[in-house]
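Pasted below: upload-v9.tsv, TSV, C-alpha atoms.
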```tsv
chain	number	residue	atom	x	y	z
D	1132	MET	CA	109.09	24.07	55.90
D	1133	SER	CA	110.65	24.59	52.47
D	1134	TRP	CA	107.94	22.64	50.63
D	1135	THR	CA	104.20	22.88	50.12
D	1136	ALA	CA	101.56	20.38	51.19
D	1137	ASP	CA	100.94	19.47	47.54
D	1138	GLU	CA	104.65	18.84	47.00
D	1139	MET	CA	104.79	16.57	50.06
D	1140	MET	CA	101.72	14.68	48.83
D	1141	THR	CA	103.13	14.20	45.32
D	1142	ILE	CA	106.51	13.06	46.60
D	1143	ALA	CA	104.93	10.65	49.09
D	1144	ALA	CA	102.87	9.18	46.24
D	1145	ALA	CA	105.89	8.84	43.96
D	1146	ARG	CA	107.77	6.94	46.67
D	1147	ARG	CA	105.10	4.23	46.67
D	1148	LEU	CA	106.00	3.20	43.13
D	1149	ARG	CA	108.80	0.67	42.70
D	1150	ASP	CA	111.33	0.30	39.93
D	1151	GLY	CA	110.30	-2.28	37.35
D	1152	GLN	CA	106.58	-2.03	38.01
D	1153	SER	CA	103.95	-1.33	35.38
D	1154	CYS	CA	101.63	1.53	36.28
D	1155	PHE	CA	98.32	2.58	34.70
D	1156	VAL	CA	98.35	6.34	35.12
D	1157	GLY	CA	95.53	8.85	35.37
D	1158	ILE	CA	96.02	12.46	34.27
D	1159	GLY	CA	96.61	15.14	36.92
D	1160	LEU	CA	98.22	14.38	40.27
D	1161	PRO	CA	98.68	10.66	39.48
D	1162	SER	CA	100.60	11.51	36.30
D	1163	THR	CA	102.79	14.02	38.14
D	1164	ALA	CA	103.66	11.51	40.88
D	1165	ALA	CA	104.32	8.66	38.44
D	1166	ASN	CA	106.59	10.78	36.25
D	1167	LEU	CA	108.43	11.99	39.34
D	1168	ALA	CA	109.04	8.39	40.41
D	1169	ARG	CA	110.42	7.54	36.95
D	1170	ARG	CA	112.80	10.52	37.10
D	1171	THR	CA	114.10	9.75	40.60
D	1172	HIS	CA	114.19	6.26	42.09
D	1173	ALA	CA	112.27	4.18	39.50
D	1174	PRO	CA	113.74	4.73	36.01
D	1175	GLU	CA	112.40	1.37	34.81
D	1176	LEU	CA	108.81	2.15	35.83
D	1177	THR	CA	106.57	1.45	32.83
D	1178	LEU	CA	103.91	4.14	32.42
D	1179	ILE	CA	100.70	3.09	30.66
D	1180	TYR	CA	98.05	5.63	29.71
D	1181	GLU	CA	94.44	4.97	28.76
D	1182	SER	CA	95.02	6.12	25.19
D	1183	GLY	CA	97.10	2.98	24.58
D	1184	THR	CA	100.63	4.31	25.09
D	1185	ILE	CA	102.85	1.77	26.85
D	1186	GLY	CA	106.22	2.79	28.25
D	1187	ALA	CA	105.68	6.53	27.75
D	1188	LYS	CA	108.59	8.75	28.80
D	1189	PRO	CA	107.22	12.29	28.43
D	1190	GLY	CA	109.65	15.16	28.64
D	1191	HIS	CA	106.89	17.35	30.07
D	1192	LEU	CA	103.73	16.52	31.97
D	1193	PRO	CA	101.00	15.51	29.50
D	1194	LEU	CA	97.93	17.73	29.33
D	1195	SER	CA	95.64	14.77	28.63
D	1196	ILE	CA	95.77	11.11	27.66
D	1197	GLY	CA	95.75	12.34	24.06
D	1198	ASP	CA	98.86	14.51	24.43
D	1199	GLY	CA	101.17	13.70	21.51
D	1200	VAL	CA	104.22	13.48	23.76
D	1201	LEU	CA	102.91	10.17	25.14
D	1202	ALA	CA	102.82	8.46	21.74
D	1203	GLU	CA	106.07	10.09	20.64
D	1204	THR	CA	108.00	8.72	23.64
D	1205	ALA	CA	106.24	5.37	24.17
D	1206	ASP	CA	107.81	1.96	23.64
D	1207	THR	CA	104.67	1.01	21.75
D	1208	VAL	CA	101.17	2.28	21.08
D	1209	VAL	CA	98.19	-0.09	20.99
D	1210	SER	CA	94.50	0.47	20.49
D	1211	VAL	CA	92.30	1.44	23.44
D	1212	PRO	CA	90.39	-1.90	23.30
D	1213	GLU	CA	93.72	-3.76	23.42
D	1214	VAL	CA	95.08	-1.84	26.38
D	1215	PHE	CA	91.92	-2.67	28.32
D	1216	ASN	CA	91.12	-6.18	27.05
D	1217	TYR	CA	94.64	-7.58	26.86
D	1218	TRP	CA	96.67	-5.60	29.41
D	1219	LEU	CA	94.34	-4.28	32.10
D	1220	GLN	CA	91.42	-6.65	32.55
D	1221	PRO	CA	93.52	-9.87	32.65
D	1222	GLY	CA	95.56	-8.41	35.53
D	1223	ARG	CA	98.81	-7.71	33.67
D	1224	ILE	CA	99.32	-4.25	35.21
D	1225	ASP	CA	100.85	-3.97	38.69
D	1226	VAL	CA	99.55	-0.62	39.91
D	1227	GLY	CA	96.65	1.67	39.07
D	1228	PHE	CA	97.08	5.32	40.05
D	1229	LEU	CA	93.83	7.26	40.47
D	1230	GLY	CA	92.47	10.56	41.73
D	1231	ALA	CA	89.03	11.12	43.27
D	1232	ALA	CA	86.39	13.79	43.80
D	1233	GLN	CA	84.98	11.82	46.75
D	1234	ILE	CA	86.31	8.80	48.62
D	1235	ASP	CA	84.71	7.00	51.56
D	1236	ARG	CA	85.97	4.97	54.48
D	1237	TYR	CA	86.14	1.81	52.34
D	1238	GLY	CA	88.05	3.39	49.49
D	1239	ASN	CA	85.13	3.64	47.08
D	1240	ILE	CA	85.66	6.49	44.61
D	1241	ASN	CA	83.19	8.94	43.08
D	1242	THR	CA	84.06	10.90	39.95
D	1243	THR	CA	80.52	10.98	38.52
D	1244	VAL	CA	78.13	13.32	40.39
D	1245	ILE	CA	77.81	15.25	43.63
D	1246	GLY	CA	74.30	14.86	45.00
D	1247	ASP	CA	71.48	12.78	43.57
D	1248	TYR	CA	72.35	11.13	40.25
D	1249	ASP	CA	69.12	12.25	38.54
D	1250	ASP	CA	69.33	15.81	39.88
D	1251	PRO	CA	72.97	16.43	40.80
D	1252	LYS	CA	74.46	19.52	42.39
D	1253	VAL	CA	77.58	18.99	40.28
D	1254	ARG	CA	78.18	16.68	37.34
D	1255	LEU	CA	81.81	15.50	37.37
D	1256	PRO	CA	84.01	14.32	34.45
D	1257	GLY	CA	82.86	10.72	34.87
D	1258	ALA	CA	84.42	7.29	34.95
D	1259	GLY	CA	86.76	6.98	31.99
D	1260	GLY	CA	88.84	3.88	32.59
D	1261	ALA	CA	88.86	4.24	36.39
D	1262	PRO	CA	86.33	1.45	37.17
D	1263	GLU	CA	88.41	-1.11	35.24
D	1264	ILE	CA	91.63	0.18	36.80
D	1265	ALA	CA	90.15	-0.12	40.29
D	1266	ALA	CA	88.83	-3.60	39.53
D	1267	SER	CA	91.76	-5.23	37.78
D	1268	CYS	CA	95.15	-3.70	38.64
D	1269	GLY	CA	97.22	-5.62	41.15
D	1270	GLU	CA	96.81	-2.74	43.57
D	1271	VAL	CA	95.50	0.81	43.47
D	1272	ILE	CA	97.05	4.01	44.80
D	1273	VAL	CA	94.73	6.99	45.24
D	1274	ILE	CA	96.00	10.56	45.52
D	1275	VAL	CA	93.56	13.23	46.69
D	1276	ARG	CA	93.60	16.38	48.84
D	1277	GLN	CA	91.98	15.70	52.21
D	1278	SER	CA	88.85	17.63	53.22
D	1279	ARG	CA	85.36	16.85	54.45
D	1280	ARG	CA	84.09	17.59	50.97
D	1281	ALA	CA	86.27	14.81	49.52
D	1282	PHE	CA	86.49	12.37	52.46
D	1283	VAL	CA	82.87	11.45	53.03
D	1284	ASP	CA	81.25	8.71	55.10
D	1285	ARG	CA	79.44	7.43	51.99
D	1286	VAL	CA	80.14	8.54	48.43
D	1287	ASP	CA	77.19	9.98	46.49
D	1288	PHE	CA	77.89	7.57	43.62
D	1289	ILE	CA	80.30	4.62	43.37
D	1290	THR	CA	82.23	5.15	40.16
D	1291	SER	CA	85.11	2.85	41.09
D	1292	VAL	CA	84.78	0.13	43.73
D	1293	GLY	CA	87.26	0.08	46.57
D	1294	PHE	CA	86.23	-2.39	49.26
D	1295	GLY	CA	82.47	-1.93	48.83
D	1296	SER	CA	80.89	-2.10	52.27
D	1297	GLY	CA	83.81	-3.88	53.89
D	1298	ALA	CA	85.83	-7.06	54.10
D	1299	GLY	CA	84.97	-9.72	51.53
D	1300	ASP	CA	83.09	-7.51	49.09
D	1301	ARG	CA	85.79	-7.52	46.40
D	1302	ALA	CA	85.86	-11.31	46.37
D	1303	ARG	CA	82.07	-11.46	46.31
D	1304	LEU	CA	82.01	-9.12	43.31
D	1305	GLY	CA	84.68	-11.16	41.51
D	1306	LEU	CA	87.18	-8.30	41.28
D	1307	ARG	CA	90.68	-9.39	40.27
D	1308	GLY	CA	92.85	-6.75	41.94
D	1309	ARG	CA	93.61	-6.14	45.62
D	1310	GLY	CA	91.97	-2.72	45.64
D	1311	PRO	CA	93.16	0.58	47.11
D	1312	ARG	CA	96.16	-0.36	49.22
D	1313	THR	CA	97.25	3.26	49.73
D	1314	VAL	CA	95.45	6.61	49.85
D	1315	ILE	CA	97.85	9.54	49.87
D	1316	THR	CA	96.71	13.03	50.82
D	1317	ASP	CA	98.22	16.40	51.61
D	1318	LEU	CA	97.98	15.49	55.31
D	1319	GLY	CA	99.12	11.88	55.47
D	1320	ILE	CA	98.72	8.31	54.25
D	1321	LEU	CA	95.80	5.94	54.79
D	1322	GLU	CA	95.83	2.17	54.30
D	1323	PRO	CA	93.12	-0.48	54.76
D	1324	ASP	CA	92.82	-2.25	58.08
D	1325	PRO	CA	93.85	-5.89	57.52
D	1326	ALA	CA	90.67	-7.21	59.16
D	1327	THR	CA	87.90	-4.75	58.22
D	1328	GLU	CA	89.43	-3.10	55.10
D	1329	GLU	CA	88.31	0.29	56.44
D	1330	LEU	CA	90.87	2.99	55.71
D	1331	ARG	CA	92.95	4.06	58.68
D	1332	LEU	CA	95.68	6.65	59.09
D	1333	THR	CA	99.15	5.09	59.05
D	1334	ARG	CA	101.35	8.16	58.46
D	1335	LEU	CA	101.23	11.87	59.11
D	1336	HIS	CA	103.19	14.24	56.92
D	1337	PRO	CA	105.68	16.51	58.72
D	1338	GLY	CA	104.01	19.40	60.54
D	1339	VAL	CA	100.51	17.82	60.51
D	1340	ASP	CA	98.74	16.80	63.72
D	1341	LEU	CA	95.92	14.34	64.34
D	1342	ASP	CA	93.33	17.02	65.08
D	1343	ARG	CA	93.81	18.47	61.62
D	1344	VAL	CA	93.31	15.05	60.00
D	1345	ARG	CA	90.17	14.40	62.05
D	1346	GLU	CA	88.74	17.80	61.10
D	1347	ALA	CA	89.32	17.03	57.40
D	1348	THR	CA	87.64	13.60	57.46
D	1349	GLY	CA	83.90	12.98	57.20
D	1350	TRP	CA	83.92	9.95	59.49
D	1351	PRO	CA	85.61	9.05	62.80
D	1352	ILE	CA	88.92	8.05	61.27
D	1353	ALA	CA	90.75	5.06	62.72
D	1354	ILE	CA	94.40	5.56	63.66
D	1355	SER	CA	96.99	2.83	63.23
D	1356	PRO	CA	98.72	1.77	66.46
D	1357	ASP	CA	101.97	2.04	64.49
D	1358	LEU	CA	101.34	5.61	63.30
D	1359	ASP	CA	104.49	7.06	61.77
D	1360	VAL	CA	105.65	10.33	60.19
D	1361	SER	CA	106.55	10.56	56.49
D	1362	PRO	CA	110.20	11.36	55.77
D	1363	PRO	CA	110.48	14.95	54.51
D	1364	PRO	CA	111.21	15.57	50.83
D	1365	THR	CA	114.83	15.41	49.79
D	1366	ASP	CA	116.47	18.25	47.89
D	1367	HIS	CA	116.69	15.99	44.82
D	1368	GLU	CA	112.97	15.11	44.95
D	1369	LEU	CA	111.95	18.74	45.32
D	1370	ALA	CA	114.26	19.97	42.57
D	1371	THR	CA	113.04	17.28	40.16
D	1372	LEU	CA	109.39	17.93	40.91
D	1373	ARG	CA	109.75	21.70	40.53
D	1374	ALA	CA	111.58	21.30	37.24
D	1375	MET	CA	108.64	19.22	35.95
D	1376	THR	CA	105.96	21.69	36.95
```
Could you express the structure from this file as structure tokens?
Amino acid sequence: MSWTADEMMTIAAARRLRDGQSCFVGIGLPSTAANLARRTHAPELTLIYESGTIGAKPGHLPLSIGDGVLAETADTVVSVPEVFNYWLQPGRIDVGFLGAAQIDRYGNINTTVIGDYDDPKVRLPGAGGAPEIAASCGEVIVIVRQSRRAFVDRVDFITSVGFGSGAGDRARLGLRGRGPRTVITDLGILEPDPATEELRLTRLHPGVDLDRVREATGWPIAISPDLDVSPPPTDHELATLRAMT
């Protein structure tokens, strides 16, 4: 194949964003995928970053939410309290785009600690705005490389709630958004089962087989009866992505 697994993952994630949507973007892989979508099929995608930049159109990938290129190219810049209190929490943003250090079968995300909270093996960067994004955006897309280290049966700490312990938990907790509707990895795409809300594999990326996915998942992963294969990257998608990075 003429592309890498990371390129396939990023392109698959970008394809999930639609023109005209508003998207709350995390730094890293989410930012790369969102900017790729804006430069290919979704030029009217509105990118919103936690620093308060709305409608950012960076000419290069931002290094952080404080990168000056975001403010320089934004339609407007508001305060951090305003972007959360007025835009995010009332449900005015269509899509939240997040990464994860750990994710479990119900789409709960950990970016806080690995191991026991009081005596962790690793202390991670923390929550930032991710809990509010996961709670309040219309839907959430998660992008993360698939391995048993990341795809665990139960996360060590719930930083951002997905579907809790299963169907009905988001409603019980009073969360506004629909939760993680798509998890995109370097191996394929997972989506919640309509009945149980447990993540199940719905697409394999080209060249990936089921055994490889099962080996990289820390629980017996469910497979959709309509399992499909992702379309390969186009020349335009690859060229645009490579020019960005």
Can you pull out every residue within 9 Å of Asp1359 in chain D, counting only C-alpha atoms, but drop anything in the same chain fewer than 6 positions away, and send it as a PDB file with C-alpha atoms, keeping the file's coordinate frame?
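Now in selection.pdb:
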```pdb
ATOM      1  CA  THR D1333      99.150   5.090  59.050  1.00  0.00           C
ATOM      2  CA  ARG D1334     101.350   8.160  58.460  1.00  0.00           C
ATOM      3  CA  LEU D1335     101.230  11.870  59.110  1.00  0.00           C
ATOM      4  CA  HIS D1336     103.190  14.240  56.920  1.00  0.00           C
TER       5      HIS D1336
END
```
Checklist entry - Neighbours of Leu1176 in chain D within 12 Å (only C-alpha atoms; same-chain residues fewer than 4 positions away dropped), as number ranges by chain? => result D: 1145-1156, 1164-1172, 1185-1188, 1224-1226
Next on the checklist: Which residues are near Asp1342 in chain D? Cut-off 12 Å, all atoms listed in the file, ignore same chain within fewer than 3 positions. Put them as a list in words.
Outcome noted: Leu1318, Leu1335, Gly1338, Val1339, Arg1345, Glu1346, Ala1347, Thr1348, Pro1351, Ile1352 and Ile1354 of chain D
Item to check | Local residues around (80.0, 3.5, 53.2), at most 12 Å away, using all atoms listed in the file, as a PyMOL selection string | outcome: chain D and resi 1233-1241+1282-1289+1292-1297+1328-1330+1349-1350
Next on the checklist: With distances taken over all atoms listed in the file, which residue among D:Arg1312, D:Arg1223, D:Arg1301, D:Lys1252 lies nearest Asp1324 in chain D?
Outcome noted: D:Arg1312
Checklist entry - Between D:Ser1182, D:Ser1210, D:Thr1371, D:Thr1376, which has the minimum distance to Gly1197 in chain D (counting all atoms listed in the file)? => result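 Residue with the minimum atom-to-atom distance to Gly1197 in chain D: D:Ser1182.
Once Thr1135 in chain D and its same-chain neighbours fewer than 2 positions away are set aside, Met1132, Ser1133, Asp1137, Glu1138, Met1139, Met1140, Thr1141, Ile1142, Asp1317, Leu1318, His1336, Pro1337, Gly1338, Pro1363, Pro1364, Leu1369, Leu1372 and Arg1373 of chain D remain within 12 Å of it when counting only C-alpha atoms.
The protein and nucleic acid residues lying at most 7 Å from range 1264-1273 of chain D are D:Leu1219, D:Gln1220, D:Gly1222, D:Ile1224, D:Asp1225, D:Val1226, D:Gly1227, D:Phe1228, D:Leu1229, D:Gly1230, D:Gly1260, D:Ser1291, D:Val1292, D:Gly1293, D:Leu1306, D:Arg1307, D:Gly1308, D:Arg1309, D:Gly1310, D:Pro1311, D:Arg1312, D:Thr1313, D:Val1314, D:Ile1315, with only C-alpha atoms considered and sequence neighbours fewer than 4 positions away removed.
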Checklist entry - Out of D:Pro1189, D:Gly1259, D:Trp1218, D:Ile1245, which residue has the shortest atom-to-atom distance to Thr1204 in chain D when counting all atoms listed in the file? => result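 Going through D:Pro1189, D:Gly1259, D:Trp1218, D:Ile1245 one by one, the smallest distance to Thr1204 in chain D is for D:Pro1189.
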Checklist entry - Separation of CA of Thr1316 in chain D and CA of Ile1274 in chain D, in Å? => result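 Answer for the CA of Thr1316 in chain D to CA of Ile1274 in chain D separation: 5.9 Å.
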Item to check | For Arg1343 in chain D, the nearest of the candidates D:Thr1290, D:Gln1277, D:Asn1216, D:Ser1361, counting only C-alpha atoms | outcome: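 Ranking D:Thr1290, D:Gln1277, D:Asn1216, D:Ser1361 by distance to Arg1343 in chain D, first place goes to D:Gln1277.
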Where atoms are absent from range 1249-1276 of chain D, fill them in so it carries N, CA and C atoms, then output it as a short mmCIF file (atom, residue, chain, number, x, y, z; two decimals), in the frame of the given file.
```cif
data_model
loop_
_atom_site.label_atom_id
_atom_site.label_comp_id
_atom_site.auth_asym_id
_atom_site.auth_seq_id
_atom_site.Cartn_x
_atom_site.Cartn_y
_atom_site.Cartn_z
N ASP D 1249 70.10 11.72 39.50
CA ASP D 1249 69.12 12.25 38.54
C ASP D 1249 68.99 13.77 38.60
N ASP D 1250 69.41 14.36 39.73
CA ASP D 1250 69.33 15.81 39.88
C ASP D 1250 70.56 16.29 40.65
N PRO D 1251 71.73 16.17 40.06
CA PRO D 1251 72.97 16.43 40.80
C PRO D 1251 73.23 17.91 41.05
N LYS D 1252 73.96 18.17 42.15
CA LYS D 1252 74.46 19.52 42.39
C LYS D 1252 75.60 19.84 41.42
N VAL D 1253 76.44 18.84 41.18
CA VAL D 1253 77.58 18.99 40.28
C VAL D 1253 77.70 17.70 39.47
N ARG D 1254 77.89 17.84 38.16
CA ARG D 1254 78.18 16.68 37.34
C ARG D 1254 79.68 16.68 37.06
N LEU D 1255 80.36 15.60 37.45
CA LEU D 1255 81.81 15.50 37.37
C LEU D 1255 82.24 14.87 36.03
N PRO D 1256 83.55 14.82 35.76
CA PRO D 1256 84.01 14.32 34.45
C PRO D 1256 83.57 12.90 34.12
N GLY D 1257 83.33 12.07 35.14
CA GLY D 1257 82.86 10.72 34.87
C GLY D 1257 83.91 9.66 35.13
N ALA D 1258 83.64 8.47 34.59
CA ALA D 1258 84.42 7.29 34.95
C ALA D 1258 85.70 7.15 34.14
N GLY D 1259 85.61 7.34 32.82
CA GLY D 1259 86.76 6.98 31.99
C GLY D 1259 87.12 5.53 32.21
N GLY D 1260 88.40 5.26 32.34
CA GLY D 1260 88.84 3.88 32.59
C GLY D 1260 88.98 3.53 34.05
N ALA D 1261 88.61 4.46 34.96
CA ALA D 1261 88.86 4.24 36.39
C ALA D 1261 88.19 2.99 36.95
N PRO D 1262 86.93 2.66 36.60
CA PRO D 1262 86.33 1.45 37.17
C PRO D 1262 87.13 0.18 36.86
N GLU D 1263 87.62 0.07 35.61
CA GLU D 1263 88.41 -1.11 35.24
C GLU D 1263 89.77 -1.10 35.94
N ILE D 1264 90.36 0.08 36.09
CA ILE D 1264 91.63 0.18 36.80
C ILE D 1264 91.45 -0.28 38.25
N ALA D 1265 90.41 0.23 38.89
CA ALA D 1265 90.15 -0.12 40.29
C ALA D 1265 89.84 -1.60 40.45
N ALA D 1266 89.22 -2.20 39.44
CA ALA D 1266 88.83 -3.60 39.53
C ALA D 1266 89.98 -4.56 39.28
N SER D 1267 90.88 -4.22 38.34
CA SER D 1267 91.76 -5.23 37.78
C SER D 1267 93.25 -5.06 38.02
N CYS D 1268 93.72 -3.85 38.35
CA CYS D 1268 95.15 -3.70 38.64
C CYS D 1268 95.52 -4.47 39.90
N GLY D 1269 96.78 -4.88 39.97
CA GLY D 1269 97.22 -5.62 41.15
C GLY D 1269 96.94 -4.89 42.44
N GLU D 1270 97.16 -3.59 42.44
CA GLU D 1270 96.81 -2.74 43.57
C GLU D 1270 96.51 -1.35 43.03
N VAL D 1271 95.86 -0.55 43.85
CA VAL D 1271 95.50 0.81 43.47
C VAL D 1271 96.07 1.80 44.47
N ILE D 1272 96.65 2.88 43.98
CA ILE D 1272 97.05 4.01 44.80
C ILE D 1272 96.14 5.17 44.43
N VAL D 1273 95.60 5.84 45.45
CA VAL D 1273 94.73 6.99 45.24
C VAL D 1273 95.44 8.22 45.79
N ILE D 1274 95.43 9.30 45.04
CA ILE D 1274 96.00 10.56 45.52
C ILE D 1274 94.91 11.62 45.46
N VAL D 1275 94.66 12.27 46.60
CA VAL D 1275 93.56 13.23 46.69
C VAL D 1275 93.80 14.16 47.88
N ARG D 1276 93.48 15.43 47.72
CA ARG D 1276 93.60 16.38 48.84
C ARG D 1276 92.51 16.07 49.87
#
```
